[in-house]
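Here is the file coords-v1.cif (mmCIF, C-alpha atoms).
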```cif
data_input
loop_
_atom_site.label_atom_id
_atom_site.label_comp_id
_atom_site.auth_asym_id
_atom_site.auth_seq_id
_atom_site.Cartn_x
_atom_site.Cartn_y
_atom_site.Cartn_z
CA MET A 1 29.57 2.26 -11.17
CA ALA A 2 26.89 -0.40 -11.05
CA LEU A 3 26.07 0.47 -7.44
CA TRP A 4 25.35 4.04 -8.48
CA GLY A 5 22.65 3.24 -11.02
CA ILE A 6 24.33 4.42 -14.21
CA SER A 7 25.37 1.17 -15.87
CA THR A 8 22.12 -0.78 -16.11
CA THR A 9 20.56 -1.66 -19.43
CA GLY A 10 17.05 -2.16 -18.09
CA GLU A 11 14.85 -0.70 -15.37
CA THR A 12 13.07 -3.50 -13.52
CA ALA A 13 12.34 -4.63 -9.98
CA THR A 14 15.32 -6.99 -10.13
CA ASN A 15 17.76 -4.09 -10.44
CA ASN A 16 15.82 -1.70 -8.18
CA TYR A 17 14.65 0.22 -11.27
CA ALA A 18 18.23 1.50 -11.68
CA ILE A 19 17.94 3.49 -8.43
CA PRO A 20 21.31 3.45 -6.60
CA LYS A 21 21.72 -0.02 -5.17
CA TYR A 22 22.76 1.05 -1.69
CA THR A 23 19.16 2.19 -1.03
CA SER A 24 17.73 -1.29 -1.63
CA GLY A 25 17.26 -3.05 1.70
CA SER A 26 19.28 -0.45 3.56
CA THR A 27 18.14 0.17 7.12
CA THR A 28 18.71 3.85 6.39
CA PHE A 29 15.74 3.83 4.02
CA ASP A 30 13.20 1.36 5.41
CA GLY A 31 11.97 2.91 8.64
CA VAL A 32 8.60 4.50 9.33
CA ASP A 33 10.06 7.93 8.64
CA ILE A 34 8.51 8.96 5.30
CA ASN A 35 11.56 11.09 4.53
CA ASN A 36 13.75 7.98 4.70
CA SER A 37 12.43 6.02 1.73
CA PRO A 38 14.08 4.82 -1.47
CA HIS A 39 11.02 6.11 -3.35
CA ASN A 40 12.25 9.66 -2.76
CA PHE A 41 15.24 8.95 -5.04
CA PHE A 42 14.95 10.06 -8.65
CA ALA A 43 17.06 11.05 -11.65
CA ASP A 44 17.11 14.41 -13.37
CA ASN A 45 19.75 16.34 -15.29
CA ARG A 46 21.86 16.63 -12.14
CA GLY A 47 22.12 12.87 -11.52
CA TRP A 48 20.56 10.81 -8.70
CA VAL A 49 18.76 13.16 -6.34
CA TYR A 50 17.22 12.50 -2.93
CA ARG A 51 14.31 14.78 -1.96
CA HIS A 52 13.63 15.70 1.68
CA TYR A 53 10.11 17.08 2.19
CA ASN A 54 9.46 19.88 4.67
CA ASP A 55 5.73 20.51 4.38
CA GLY A 56 4.24 17.08 5.11
CA LYS A 57 2.85 16.48 1.61
CA TYR A 58 5.57 14.17 0.33
CA SER A 59 4.58 14.52 -3.33
CA GLY A 60 4.41 16.85 -6.30
CA LEU A 61 1.92 18.91 -4.29
CA SER A 62 4.73 19.90 -1.92
CA THR A 63 6.04 23.45 -2.04
CA ALA A 64 8.81 23.09 0.54
CA TYR A 65 11.58 20.54 0.15
CA MET A 66 15.33 20.16 -0.13
CA ASP A 67 17.11 18.19 -2.86
CA GLU A 68 20.32 16.35 -2.05
CA VAL A 69 22.40 15.25 -5.05
CA HIS A 70 23.87 11.87 -4.11
CA VAL A 71 25.40 10.84 -7.44
CA PRO A 72 26.22 13.67 -9.88
CA VAL A 73 25.75 12.42 -13.46
CA ALA A 74 24.91 15.15 -15.97
CA GLY A 75 22.06 14.11 -18.24
CA LEU A 76 21.37 10.88 -16.36
CA ASN A 77 17.66 11.09 -17.22
CA THR A 78 18.26 10.86 -20.97
CA ALA A 79 19.52 7.68 -22.65
CA GLY A 80 22.97 8.12 -24.20
CA VAL A 81 23.86 11.22 -22.18
CA PRO A 82 26.56 12.06 -21.32
CA SER A 83 28.24 10.87 -24.50
CA ASP A 84 31.58 10.10 -22.91
CA LEU A 85 29.89 7.43 -20.80
CA GLY A 86 28.13 5.82 -23.74
CA SER A 87 24.47 4.83 -23.46
CA THR A 88 24.40 4.82 -19.69
CA GLY A 89 21.57 7.31 -19.23
CA LEU A 90 18.09 6.09 -18.33
CA ALA A 91 15.33 5.39 -20.81
CA LEU A 92 11.84 6.85 -20.31
CA ALA A 93 10.80 7.41 -16.70
CA THR A 94 9.59 4.14 -15.20
CA PRO A 95 6.90 3.70 -12.50
CA VAL A 96 8.65 2.17 -9.49
CA ALA A 97 6.00 2.35 -6.76
CA VAL A 98 2.28 2.93 -6.29
CA PHE A 99 0.59 2.88 -2.91
CA PHE A 100 -2.00 4.45 -0.62
CA ALA A 101 -0.41 7.31 1.27
CA ASP A 102 -0.92 8.03 4.95
CA PRO A 103 -4.15 10.11 4.99
CA SER A 104 -2.90 12.13 7.97
CA ASN A 105 0.58 12.69 6.48
CA ALA A 106 1.95 11.71 9.89
CA ASN A 107 5.68 11.26 10.17
CA PRO A 108 6.50 8.76 11.55
CA ILE A 109 3.40 6.98 10.25
CA SER A 110 1.44 6.35 13.42
CA ILE A 111 -2.36 6.18 13.03
CA VAL A 112 -2.39 2.63 14.39
CA GLY A 113 1.19 2.69 15.56
CA GLY A 114 4.71 2.19 14.31
CA GLY A 115 4.02 1.87 10.62
CA ALA A 116 0.96 -0.35 11.12
CA THR A 117 -1.56 2.03 9.57
CA ASN A 118 -4.08 -0.19 7.80
CA PHE A 119 -7.30 1.75 7.32
CA ILE A 120 -8.93 5.05 6.44
CA SER A 121 -12.24 6.42 7.75
CA THR A 122 -15.43 6.72 5.73
CA ALA A 123 -16.03 9.80 3.54
CA THR A 124 -12.39 10.83 4.02
CA SER A 125 -10.00 12.33 1.53
CA GLY A 126 -7.06 10.06 0.75
CA GLU A 127 -4.17 9.91 -1.69
CA ILE A 128 -2.49 7.42 -3.95
CA HIS A 129 1.15 8.16 -4.69
CA LEU A 130 2.68 7.07 -7.98
CA CYS A 131 6.49 7.22 -7.95
CA PHE A 132 8.87 7.21 -10.90
CA ASN A 133 12.63 6.74 -11.04
CA GLU A 134 12.89 10.14 -12.75
CA SER A 135 11.28 13.52 -12.29
CA VAL A 136 8.23 13.94 -14.58
CA TYR A 137 5.64 16.49 -15.61
CA ALA A 138 2.13 15.36 -14.62
CA SER A 139 -0.85 17.26 -15.97
CA VAL A 140 -3.68 18.11 -13.60
CA GLY A 141 -6.62 15.76 -14.06
CA ALA A 142 -4.71 12.53 -14.70
CA THR A 143 -6.63 9.71 -13.07
CA MET A 144 -6.30 6.28 -11.51
CA GLN A 145 -9.08 3.81 -10.83
CA VAL A 146 -9.79 2.37 -7.38
CA ARG A 147 -11.78 -0.87 -7.15
CA VAL A 148 -14.19 -1.35 -4.22
CA PHE A 149 -14.79 -4.69 -2.43
CA ASP A 150 -16.14 -6.00 0.88
CA GLY A 151 -13.81 -7.02 3.70
CA ASN A 152 -13.19 -10.41 2.06
CA ASN A 153 -12.19 -8.76 -1.23
CA LEU A 154 -15.44 -10.01 -2.79
CA ASN A 155 -18.73 -8.45 -3.99
CA GLU A 156 -17.17 -5.69 -6.09
CA GLN A 157 -19.01 -2.37 -6.18
CA ALA A 158 -18.71 0.62 -8.52
CA SER A 159 -15.16 1.94 -8.77
CA ILE A 160 -14.09 5.35 -7.54
CA VAL A 161 -11.62 7.66 -9.28
CA ALA A 162 -8.45 9.19 -7.87
CA THR A 163 -7.43 12.40 -9.62
CA ALA A 164 -4.05 14.15 -9.82
CA GLY A 165 -4.22 17.66 -8.42
CA SER A 166 -2.09 20.71 -9.09
CA VAL A 167 0.54 22.52 -7.10
CA ALA A 168 -0.79 25.80 -5.73
CA HIS A 169 -1.12 28.72 -8.14
CA GLY A 170 1.77 31.15 -7.95
CA VAL A 171 4.25 28.61 -6.63
CA SER A 172 7.64 28.60 -8.38
CA ILE A 173 9.23 25.20 -8.94
CA PRO A 174 12.93 24.86 -9.86
CA VAL A 175 13.55 22.16 -12.45
CA TYR A 176 16.70 20.86 -14.08
CA THR A 177 16.30 20.11 -17.77
CA ASN A 178 18.76 18.78 -20.30
CA THR A 179 18.35 21.78 -22.60
CA SER A 180 18.08 24.78 -20.29
CA GLY A 181 19.83 23.59 -17.16
CA GLN A 182 18.18 25.07 -14.09
CA GLU A 183 14.96 26.97 -14.77
CA VAL A 184 11.96 28.01 -12.72
CA ILE A 185 8.37 27.20 -13.69
CA THR A 186 5.60 29.15 -11.97
CA SER A 187 1.93 28.10 -11.64
CA PHE A 188 2.44 24.79 -13.43
CA PRO A 189 -0.99 23.18 -14.06
CA GLY A 190 -0.16 19.89 -12.39
CA GLN A 191 2.83 18.46 -10.55
CA ILE A 192 6.56 18.34 -11.28
CA SER A 193 8.16 15.60 -9.24
CA ASN A 194 8.97 11.91 -9.29
CA ARG A 195 6.10 11.36 -6.86
CA ILE A 196 2.63 12.26 -8.13
CA ALA A 197 -0.36 12.47 -5.77
CA PHE A 198 -3.84 11.32 -6.86
CA THR A 199 -6.67 12.31 -4.51
CA PHE A 200 -9.88 10.35 -3.85
CA THR A 201 -12.72 10.26 -1.32
CA SER A 202 -13.40 7.01 0.52
CA PRO A 203 -16.97 5.55 0.41
CA SER A 204 -19.43 6.98 2.95
CA THR A 205 -21.10 3.60 3.55
CA LEU A 206 -19.49 0.26 4.30
CA GLN A 207 -20.16 -3.29 3.17
CA THR A 208 -20.73 -6.04 5.74
CA ALA A 209 -19.24 -9.52 5.58
CA ASP A 210 -18.18 -12.44 7.80
CA ILE A 211 -14.42 -12.02 7.90
CA THR A 212 -12.19 -14.90 8.98
CA PHE A 213 -9.63 -13.93 11.61
CA LEU A 214 -8.40 -17.32 12.89
CA THR A 215 -8.20 -20.88 11.58
CA THR A 216 -7.61 -23.89 13.82
CA THR A 217 -8.86 -27.49 14.30
CA THR A 218 -11.02 -29.43 16.77
CA THR A 219 -9.06 -31.55 19.22
CA ALA A 220 -11.84 -34.07 19.98
CA GLY A 221 -15.04 -35.10 18.29
CA ASN A 222 -18.49 -34.51 19.69
CA THR A 223 -22.10 -34.37 18.63
CA VAL A 224 -23.40 -30.82 18.59
CA ALA A 225 -26.98 -30.98 19.77
CA ALA A 226 -28.96 -29.22 22.47
CA GLY A 227 -27.09 -29.86 25.69
CA ALA A 228 -23.87 -30.72 23.88
CA THR A 229 -22.66 -27.41 22.54
CA ILE A 230 -19.04 -27.33 23.70
CA ILE A 231 -16.41 -27.66 20.97
CA PRO A 232 -12.78 -28.32 21.99
CA VAL A 233 -10.28 -26.51 19.75
CA ASP A 234 -6.55 -26.02 19.60
CA ALA A 235 -4.65 -22.73 19.24
CA LEU A 236 -7.50 -20.77 20.83
CA ILE A 237 -6.42 -17.17 21.17
CA GLN A 238 -7.98 -15.39 24.12
CA SER A 239 -5.74 -12.35 24.14
CA THR A 240 -3.08 -10.76 21.98
CA GLU A 241 -0.56 -11.94 24.58
CA ASP A 242 -1.18 -15.58 23.58
CA LEU A 243 0.77 -15.10 20.36
CA PRO A 244 3.00 -12.06 20.82
CA GLY A 245 3.67 -10.27 17.58
CA SER A 246 1.26 -12.45 15.60
CA GLY A 247 -1.27 -9.67 15.21
CA LYS A 248 -4.06 -12.27 15.33
CA LYS A 249 -7.39 -11.25 16.80
CA PRO A 250 -8.54 -12.98 20.01
CA VAL A 251 -11.77 -15.00 19.91
CA ALA A 252 -14.63 -13.18 21.66
CA ILE A 253 -18.23 -13.86 22.61
CA GLY A 254 -20.43 -12.95 19.66
CA ASP A 255 -17.94 -14.20 17.07
CA SER A 256 -18.91 -17.15 14.89
CA ILE A 257 -17.40 -20.58 14.41
CA SER A 258 -17.65 -22.89 11.42
CA ALA A 259 -16.71 -26.58 11.74
CA SER A 260 -18.43 -29.09 9.48
CA PRO A 261 -21.38 -29.49 9.72
CA LEU A 262 -21.70 -26.15 11.55
CA ALA A 263 -21.69 -22.87 9.64
CA ASN A 264 -21.30 -19.50 11.37
CA ALA A 265 -22.55 -20.71 14.74
CA GLU A 266 -22.62 -17.95 17.34
CA ILE A 267 -20.15 -18.26 20.22
CA VAL A 268 -21.78 -17.64 23.63
CA SER A 269 -18.96 -18.68 25.96
CA ILE A 270 -15.21 -19.21 25.81
CA GLY A 271 -13.09 -21.62 27.86
CA THR A 272 -9.36 -22.14 27.99
CA THR A 273 -9.40 -24.63 25.11
CA THR A 274 -13.09 -24.70 24.22
CA VAL A 275 -15.86 -22.55 22.82
CA THR A 276 -19.57 -22.94 23.50
CA ILE A 277 -22.13 -22.23 20.81
CA SER A 278 -25.72 -21.15 20.99
CA THR A 279 -28.26 -23.98 21.20
CA GLY A 280 -30.03 -22.34 18.28
CA SER A 281 -27.00 -23.13 16.13
CA THR A 282 -26.73 -26.83 16.95
CA SER A 283 -27.75 -29.94 15.04
CA ALA A 284 -27.69 -33.66 15.78
CA SER A 285 -24.50 -34.11 13.80
CA ALA A 286 -20.97 -35.03 14.76
CA VAL A 287 -17.98 -32.75 14.58
CA ALA A 288 -15.03 -35.07 14.02
CA ALA A 289 -11.68 -34.67 15.71
CA GLY A 290 -9.27 -32.81 13.43
CA THR A 291 -12.04 -30.96 11.61
CA ALA A 292 -10.93 -27.59 10.28
CA VAL A 293 -12.38 -24.69 12.23
CA THR A 294 -12.66 -21.07 11.16
CA PHE A 295 -13.59 -18.18 13.39
CA THR A 296 -15.29 -15.23 11.77
CA GLN A 297 -16.58 -11.84 12.82
CA ARG A 298 -19.45 -9.97 11.21
CA THR A 299 -17.67 -6.79 10.19
CA SER A 300 -18.57 -3.61 8.37
CA ARG A 301 -15.58 -2.85 6.21
CA THR A 302 -14.81 -1.91 2.63
CA ASN A 303 -11.48 -2.61 0.94
CA LEU A 304 -10.08 -0.31 -1.72
CA HIS A 305 -7.75 -1.77 -4.37
CA ILE A 306 -5.55 0.28 -6.67
CA ASP A 307 -6.45 -1.05 -10.12
CA MET A 308 -3.05 -2.37 -11.16
CA SER A 309 -4.42 -3.57 -14.50
CA GLN A 310 -5.49 -0.07 -15.56
CA GLY A 311 -2.47 2.01 -14.63
CA PHE A 312 -3.18 5.72 -15.03
CA THR A 313 -4.90 7.78 -17.70
CA GLY A 314 -3.93 11.32 -18.67
CA ILE A 315 -0.62 12.96 -19.52
CA ILE A 316 2.58 12.31 -17.59
CA THR A 317 5.70 13.30 -19.52
CA ASP A 318 9.35 12.35 -19.11
CA MET A 319 11.19 15.54 -18.16
CA GLY A 320 14.43 14.60 -19.88
CA GLN A 321 13.04 13.25 -23.13
CA ALA A 322 9.86 15.32 -23.54
CA THR A 323 7.63 12.38 -24.35
CA GLY A 324 4.86 10.51 -22.59
CA VAL A 325 5.73 7.67 -20.21
CA THR A 326 4.12 4.26 -20.10
CA SER A 327 0.79 4.36 -18.30
CA SER A 328 0.71 0.68 -17.35
CA PHE A 329 2.00 -0.92 -14.16
CA ASN A 330 4.01 -4.10 -13.74
CA GLN A 331 2.65 -6.42 -11.07
CA ASP A 332 6.10 -6.52 -9.44
CA ILE A 333 6.11 -2.76 -8.90
CA ILE A 334 7.44 -1.87 -5.46
CA ARG A 335 4.57 -0.86 -3.20
CA GLN A 336 5.66 -0.11 0.32
CA ILE A 337 6.68 3.21 1.71
CA GLY A 338 8.37 4.26 4.93
CA GLY A 339 7.87 0.85 6.55
CA ALA A 340 4.07 1.20 6.64
CA GLY A 341 1.60 -1.50 5.69
CA SER A 342 2.63 -5.12 5.41
CA LEU A 343 3.14 -7.33 2.39
CA ASP A 344 2.90 -10.39 4.64
CA ASN A 345 0.11 -9.11 6.86
CA THR A 346 -1.68 -11.75 8.96
CA SER A 347 -3.66 -9.56 11.32
CA SER A 348 -7.38 -10.21 10.92
CA ASP A 349 -6.98 -10.23 7.17
CA THR A 350 -4.99 -12.78 5.21
CA PHE A 351 -3.92 -10.44 2.43
CA PRO A 352 -1.60 -7.44 2.19
CA LEU A 353 -3.30 -4.22 3.16
CA GLY A 354 -2.61 -0.85 4.67
CA VAL A 355 -0.93 2.43 3.98
CA GLY A 356 2.09 1.72 1.82
CA THR A 357 0.42 -1.11 -0.10
CA THR A 358 -2.15 -1.32 -2.92
CA ILE A 359 -5.06 -2.41 -0.66
CA LEU A 360 -6.51 -0.17 2.04
CA SER A 361 -9.46 -0.82 4.38
CA VAL A 362 -12.22 1.70 5.01
CA ARG A 363 -13.80 1.57 8.44
CA ALA A 364 -16.20 3.74 10.41
#
```

Please render this file's structure as structure tokens.
Amino acid sequence: MALWGISTTGETATNNYAIPKYTSGSTTFDGVDINNSPHNFFADNRGWVYRHYNDGKYSGLSTAYMDEVHVPVAGLNTAGVPSDLGSTGLALATPVAVFFADPSNANPISIVGGGATNFISTATSGEIHLCFNESVYASVGATMQVRVFDGNNLNEQASIVATAGSVAHGVSIPVYTNTSGQEVITSFPGQISNRIAFTFTSPSTLQTADITFLTTTTTAGNTVAAGATIIPVDALIQSTEDLPGSGKKPVAIGDSISASPLANAEIVSIGTTTVTISTGSTSASAVAAGTAVTFTQRTSRTNLHIDMSQGFTGIITDMGQATGVTSSFNQDIIRQIGGAGSLDNTSSDTFPLGVGTTILSVRA
């Protein structure tokens, strides 16, 4: 029964946090459809359950969804239950994923296209979703911290707080406990789910920084002085068609180039394999062949980072064992959802960012 998640002795990234193994890497659960995600799998008294959301909220704030029991195991969410299987139940609920959710709740995720959502607008409400491998009770007001940096992930500003909200008053939520079986809880002050939503507001103003979008080398040396401002470079990208699928930004007039001894020299013209810089940026110094070149763009952008070192504060309780769960996060916690974002992103930023990851850009 190892494939069904009831024979593990630990809950870690290496064993998919005990979630049924057929969901790990399966093409059935890695598309841009938010309802086809392994993070919608959780354990409760019924066994392993897959939740299909019908109201576009995809979290404990949802009031319309359908649960599909994939692997019936009574008492799976309590260690040692059922007794005839020995200690095959799960220990306390474990965080298995934390990520920025799609602010538009689009399905498929499509703000930028095909799961490539990588930013949120200024002064916009957004959500962080914290997923567990079991259903939990989360009290309203639990918080997570979001760190704020410029587009180069530098110059940290004051953090902002993401706060767990509550399901709407009057809503009845069916739950499956180990003591009462199925019961209905109405007007719960918080969320009952494996997927808890924390809401925040993005900054209204942006930071500005020179952001590197392409690195290359010079192909021939020359002295950059008035009248000699042309720099030959390799791998010059003039359109996205030059490197299909690379996601790299083309070089444009107004961008900057740095190649020792130049620093952030303005580009005024672009050739097939050359760039020309402003005479005001030149000096009577040589740029040697093979010198490393970086292209940058002055960009207004702020990056939000989920504070992985802080975890969450507030009360989130294991449904099956009626005790608080660990509030800290492991650095290997899964953090992609529905195919969005990119953990190996190389488009204009050399770090993982986007919906479905723990870093999200804010742009005007």

Legend entry - Counting only C-alpha atoms, the option among A:Gly314, A:Thr358, A:Thr124, A:Phe213 closest to Thr163 in chain A: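 Looking only at the distances to Thr163 in chain A, the closest residue turns out to be A:Gly314.
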
Inset, instruction - Considering all atoms listed in the file, state which residue in the set A:Leu206, A:Ala93, A:Ile316, A:Ile306 is at the smallest distance from Ala142 in chain A. - result: A:Ile316

List every protein, DNA or RNA residue that has at least one atom no more than 9 Å from (-14.0, -13.4, 6.5) in the file's coordinates, counting all atoms listed in the file, and write the result as an mmCIF file with C-alpha atoms, keeping the file's coordinate frame.
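So part-v7.cif came out as:
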```
data_model
loop_
_atom_site.group_PDB
_atom_site.id
_atom_site.type_symbol
_atom_site.label_atom_id
_atom_site.label_comp_id
_atom_site.auth_asym_id
_atom_site.auth_seq_id
_atom_site.Cartn_x
_atom_site.Cartn_y
_atom_site.Cartn_z
ATOM 1 C CA GLY A 151 -13.810 -7.020 3.700
ATOM 2 C CA ASN A 152 -13.190 -10.410 2.060
ATOM 3 C CA ALA A 209 -19.240 -9.520 5.580
ATOM 4 C CA ASP A 210 -18.180 -12.440 7.800
ATOM 5 C CA ILE A 211 -14.420 -12.020 7.900
ATOM 6 C CA THR A 212 -12.190 -14.900 8.980
ATOM 7 C CA PHE A 213 -9.630 -13.930 11.610
ATOM 8 C CA PHE A 295 -13.590 -18.180 13.390
ATOM 9 C CA THR A 296 -15.290 -15.230 11.770
ATOM 10 C CA GLN A 297 -16.580 -11.840 12.820
ATOM 11 C CA ARG A 298 -19.450 -9.970 11.210
ATOM 12 C CA THR A 299 -17.670 -6.790 10.190
ATOM 13 C CA SER A 348 -7.380 -10.210 10.920
ATOM 14 C CA ASP A 349 -6.980 -10.230 7.170
#
```

Inset, instruction - Pick out the closest residue to Val275 in chain A from this set: A:Thr179, A:Thr357, A:Asn40, A:Gln238. Count all atoms listed in the file. - result: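 The answer is A:Gln238, which sits nearest to Val275 in chain A.
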
Inset, instruction - Name the residues that the PyMOL selection byres ((chain A and resi 308-313) around 9) pulls out of this structure, and write them as a ChimeraX atom specification. - result: /A:98,141-145,305-307,314-316,326-331,358

Inset, instruction - Evaluate the PyMOL selection byres ((chain A and resi 120) around 9) on the structure here and hand back the selected residues as an MDAnalysis selection string. - result: chainID A and resid 102:103 117:119 121:122 124:126 202 354:355 360:364

Legend entry - CA of Gly47 in chain A to CA of His70 in chain A, straight-line distance in Å: 7.7 Å

Inset, instruction - Take the point (-14.6, -35.1, 13.5) in the file's coordinates, draw a sphere of radius 10 Å around it, and report as JSON, numbers by chain every protein, DNA or RNA residue with an atom inside or on it, counting only C-alpha atoms. - result: {"A": [217, 218, 219, 220, 221, 222, 223, 259, 260, 261, 285, 286, 287, 288, 289, 290, 291, 292]}

Inset, instruction - Can you turn the PyMOL selection byres ((chain A and resi 58-61) around 6) into a concrete residue list for this file, as a PyMOL selection string? - result: chain A and resi 53+56-57+62+167+191-193+195-197

Legend entry - Option closest in space to Phe149 in chain A, from A:Gly181, A:Pro203, A:Gly356, A:Gly165 [counting all atoms listed in the file]: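 The closest residue to Phe149 in chain A is A:Pro203.
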
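Each of A:Ser256, A:Thr63, A:Thr216, A:Thr14 was compared to Ile173 in chain A using only C-alpha atoms, and A:Thr63 turns out to be the nearest.
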
Legend entry - Residue contacts of Val325 in chain A (10 Å, only C-alpha atoms) excluding same-chain residues fewer than 5 positions away, as a PyMOL selection string: chain A and resi 91-95+132+136-137+315-319

Legend entry - Selected residue, from A:Val69, A:Ala43, A:Val161, A:Ile253, that lies nearest to Phe198 in chain A when counting all atoms listed in the file: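 Closest to Phe198 in chain A, using all atoms listed in the file: A:Val161.
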
As AutoDock Vina command-line options: centre and edge lengths in Å, one decimal, of the axis-aligned box holding range 284-289 of chain A with 8 Å per side:
```
--center_x -19.7 --center_y -33.9 --center_z 14.8 --size_x 32.0 --size_y 18.3 --size_z 18.0
```

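Put simply, CA of Pro250 in chain A is 28.8 Å away from CA of Ala101 in chain A.
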